[in-house]
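Working notes, beginning with the structure itself.
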Amino acid sequence: MIKLFDLIEQYKKFGKTIDKKVINILSSGNYILGKNVELFEENSKNYLNGKYTLSCNSGTDALVLSLRALGIKSGDEIITTPFSYFATSESISLVGAKPIFADINPHTFNINPKNIAKLVNKKTKAVLSVNLFGQACELDNINKIVKEHNIKHIEDCAQSFGATYNSKQTGTYGDMGCFSFFPTKNLGCFGDGGLVVVKSKKDYEILKKLRTHGGIRRNQHDLIGYNSRLDEIQAAILNIKLDYIESFIKKRKKIAEIYFKTIRNDKVRLPFTYKRSNHTFNQFTIRVKNRRKLELHLKKHNIPYGIYYSMPMYKYNAYKNNNYEPLPMVEKVSKECLSIPIYPELPIKHAMKISEVLNNYE
Ligand SMILES: Cc1ncc(COP(=O)(O)O)c(C=O)c1O
């Protein structure tokens with residue numbers, strides 16, 4: 001049976017090492033923000049080549065903590081993409097600010113920098129870009145815009161761990177880069193987990209306080225903060241898996257290469273990848289004019305798929321009172337996109353079968 005993703009296969013590979021480590025932690029009595037967390041922050045900082053890293057409870061928390069650390073508050077506007085997981089704009093709303101949506105590039109699915117500059121006004125405090133599906137957006141062009149307008153740049157890297165742009169890791173272009181370790185991500189733990197990579201020491205110190213109720217010492221609460229600590233078990237699992245991230249990415253790219261080489265159907269539009277970016281294929285997303293028809297075709301042949309995302313962000317009920325204007329590219333893409341299975345352990349013969357079924361689609 002072909003699966004959309006398979007977390008058990010990956011567990012089988014590291015099961016013994018992980019089990020041993022988890023049992024050690026269970027008997028240590030030290031469960032939260034301990035040695036394993038410190039080690040993961042150090043290891044991820046080295047891997048990403050960042051200045052500071054702070055782990056936290058999820059990718060969503062990484063975004064909220066970052067926005068708060070940069071002082072974003074009610075009345076502020078943050079420019080972001082309308083095509084992402086809801087957590088992206090939700091984090092902006094959670095800190096009381098307003099998401100302002102800039103239309104996407106339909107070929108890369110990422111925010112189009114050309115649409116950002118015209119939305120900047122006095123209320124704009126930051127751009128929250130998303131490196132969607134494992135491919136960096138035009139981070140250099142976005143940095144030019146934020147510099148020119150003296151505003152901040154936060155990168156949502158929930159789907160882009162290990163992806164680079166001009167050989168530099170995503171997350172290190174912006175003032176902050178926010179990662180998720182949700183189990184299906186390229187680097188996933190066995191629960192929730194997140195990380196912020198930070199440029200400035202001052203921002204890092206604020207983030208550190210925000211993570212634990214606004215202070216780092218007992219009976220110190222300088223800010224209204226959160227409880228967003230990473231636990232030792234998740235950190236230990238991440239430390240083990242981080243050693244294999246390059247091989248996970250290589251395997252995903254191999255599957256993508258098979259799709260690029262073998263899918264030959266005018267009705268199926270393949271994703272565009274920039275030469276200067278190292279796409280890590282957290283998703284392999286195609287576009288078709290009549291998606292309903294393709295869904296029926298895939299179902300008939302037992303090929304699983306995902307629809308990421310079926311609606312622009314501004315169309316969700318949570319934003320229905322905000323009167324956002326529809327944006328043409330994201331309206332089109334959200335009707336046409338469909339993601340096919342891609343994960344490191346996907347058997348090559350399954351990838352070939354998926355490609356064959358897509359080639360037979362009329
Ligand atoms: C683009 C994007 N941003 C943010 C998040 C939120 O991450 P988490 O689920 O770890 O809170 C996700 C997770 O799916 C995501 O894909």
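Residues in the structure tokens are named by chain (A, B, ... in the order shown) and by number from 1 within that chain; ligands are numbered from 1 in the order shown.
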
Using only C-alpha atoms and all ligand atoms, what are the residues with an atom within 8 Å of ligand 1, set out as a PyMOL selection string? chain A and resi 57-63+84-88+130-133+156-159+179-182+185+192-194

Distance table requested - segment 134-212 of chain A against segment 17-38 of chain A, cut-off 12 Å, only C-alpha atoms: one row per qualifying residue with the closest atom pair and its distance in Å to one decimal, ordered by chain and rising residue number, as CSV.
```
residue,atom,partner,partner_atom,distance
A:Cys189,CA,A:Ile18,CA,10.9
A:Phe190,CA,A:Ile18,CA,10.5
A:Gly193,CA,A:Val37,CA,10.9
A:Gly194,CA,A:Val37,CA,11.3
A:Leu195,CA,A:Val37,CA,10.8
A:Lys208,CA,A:Leu33,CA,11.6
A:Arg211,CA,A:Leu33,CA,10.8
A:Thr212,CA,A:Leu33,CA,10.3
```

Restricting the output to C-alpha atoms, write the selected residues as an mmCIF file, in the first residue's frame.
```cif
data_model
loop_
_atom_site.group_PDB
_atom_site.id
_atom_site.type_symbol
_atom_site.label_atom_id
_atom_site.label_comp_id
_atom_site.auth_asym_id
_atom_site.auth_seq_id
_atom_site.Cartn_x
_atom_site.Cartn_y
_atom_site.Cartn_z
ATOM 1 C CA CYS A 189 10.382 14.682 16.787
ATOM 2 C CA PHE A 190 7.809 12.330 18.344
ATOM 3 C CA GLY A 193 8.799 20.924 19.212
ATOM 4 C CA GLY A 194 10.112 24.179 17.774
ATOM 5 C CA LEU A 195 13.182 26.373 17.472
ATOM 6 C CA LYS A 208 14.639 33.217 26.521
ATOM 7 C CA ARG A 211 9.787 31.007 26.814
ATOM 8 C CA THR A 212 9.505 30.594 30.596
#
```

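Atom pair atom CA of Thr172 of chain A / atom CA of Ser334 of chain A: separated by 28.6 Å.
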
Do a neighbour search on segment 299-309 of chain A at 8 Å with only C-alpha atoms, toss out local chain neighbours closer than 5 positions, and write the hits as a short mmCIF file (atom, residue, chain, number, x, y, z; two decimals) with C-alpha atoms, in the first residue's frame.
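Final output, result-v9.cif:
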```
data_model
loop_
_atom_site.label_atom_id
_atom_site.label_comp_id
_atom_site.auth_asym_id
_atom_site.auth_seq_id
_atom_site.Cartn_x
_atom_site.Cartn_y
_atom_site.Cartn_z
CA MET A 1 0.00 0.00 0.00
CA ILE A 2 1.33 3.44 -0.93
CA LYS A 3 1.28 5.94 1.94
CA LEU A 4 1.32 9.74 1.94
CA PHE A 83 -0.72 30.47 1.10
CA SER A 84 0.61 28.59 4.11
CA TYR A 85 -0.51 26.58 7.11
CA SER A 334 -5.38 26.93 -4.02
CA CYS A 337 -2.58 22.36 -6.06
CA LEU A 338 -2.20 18.76 -5.00
CA SER A 339 0.70 17.12 -3.13
CA ILE A 340 1.85 13.60 -3.93
CA PRO A 341 3.72 11.27 -1.54
CA ILE A 354 2.64 7.28 -8.74
CA VAL A 357 -0.74 6.81 -12.66
#
```

Residue contacts of His213 of chain A (7 Å, only C-alpha atoms) excluding same-chain residues fewer than 4 positions away, as an MDAnalysis selection string: chainID A and resid 209 221 224:227

Writing out the chosen residues with C-alpha atoms as a PDB file, in the first residue's frame:
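This went into out_29.pdb:
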```pdb
ATOM      1  CA  LYS A 209      12.537  35.070  29.077  1.00  0.00           C
ATOM      2  CA  HIS A 221       8.832  37.670  35.774  1.00  0.00           C
ATOM      3  CA  ILE A 224       4.173  38.397  30.422  1.00  0.00           C
ATOM      4  CA  GLY A 225       5.455  35.238  28.806  1.00  0.00           C
ATOM      5  CA  TYR A 226       4.508  31.675  27.967  1.00  0.00           C
ATOM      6  CA  ASN A 227       5.195  28.131  29.015  1.00  0.00           C
TER       7      ASN A 227
END
```

Every residue of segment 109-327 of chain A that DSSP places in strand (DSSP E or B), as a ChimeraX atom specification: /A:111,124-130,152-156,164-165,168-169,176-180,194-198,212,227,231,269,277-278,284-287,306

How many Å lie between atom CA of Ala136 of chain A and atom CA of Thr164 of chain A, rounded to one decimal?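 A separation of 6.7 Å between them.
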
Tell me which protein, DNA and RNA residues are within 7 Å of Ile104 of chain A, counting only C-alpha atoms, leaving out same-chain ones fewer than 4 positions away, and put them as JSON, numbers by chain. {"A": [81, 109, 110, 111, 112, 329, 330]}

Within 8 Å of Arg252 of chain A, counting only C-alpha atoms, which residues show up once you throw out same-chain ones fewer than 6 positions away? Write them as a PyMOL selection string, please. chain A and resi 280-282+342-344

Hey, can you spit out that residue selection with N, CA and C atoms as a PDB file, in the first residue's frame?
```pdb
ATOM      1  N   THR A 280      14.180  21.172  -0.386  1.00  0.00           N
ATOM      2  CA  THR A 280      14.290  19.948   0.408  1.00  0.00           C
ATOM      3  C   THR A 280      13.012  19.111   0.385  1.00  0.00           C
ATOM      4  N   PHE A 281      12.052  19.517  -0.431  1.00  0.00           N
ATOM      5  CA  PHE A 281      10.851  18.720  -0.724  1.00  0.00           C
ATOM      6  C   PHE A 281      10.162  18.134   0.508  1.00  0.00           C
ATOM      7  N   ASN A 282       9.768  19.021   1.405  1.00  0.00           N
ATOM      8  CA  ASN A 282       8.860  18.560   2.467  1.00  0.00           C
ATOM      9  C   ASN A 282       7.534  18.156   1.813  1.00  0.00           C
ATOM     10  N   ILE A 342       5.850  12.039  -0.727  1.00  0.00           N
ATOM     11  CA  ILE A 342       7.309  12.175  -0.742  1.00  0.00           C
ATOM     12  C   ILE A 342       7.801  12.104   0.697  1.00  0.00           C
ATOM     13  N   TYR A 343       8.654  11.157   0.987  1.00  0.00           N
ATOM     14  CA  TYR A 343       9.303  11.041   2.293  1.00  0.00           C
ATOM     15  C   TYR A 343      10.515  10.122   2.097  1.00  0.00           C
ATOM     16  N   PRO A 344      11.519  10.236   2.989  1.00  0.00           N
ATOM     17  CA  PRO A 344      12.785   9.545   2.706  1.00  0.00           C
ATOM     18  C   PRO A 344      12.635   8.051   2.464  1.00  0.00           C
TER      19      PRO A 344
END
```

Between A:Ser89, A:Tyr173, A:Asn141, A:Gly191, which residue has the minimum interatomic distance to Ala235 of chain A, considering only C-alpha atoms?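 Closest residue, counting only C-alpha atoms: A:Gly191.
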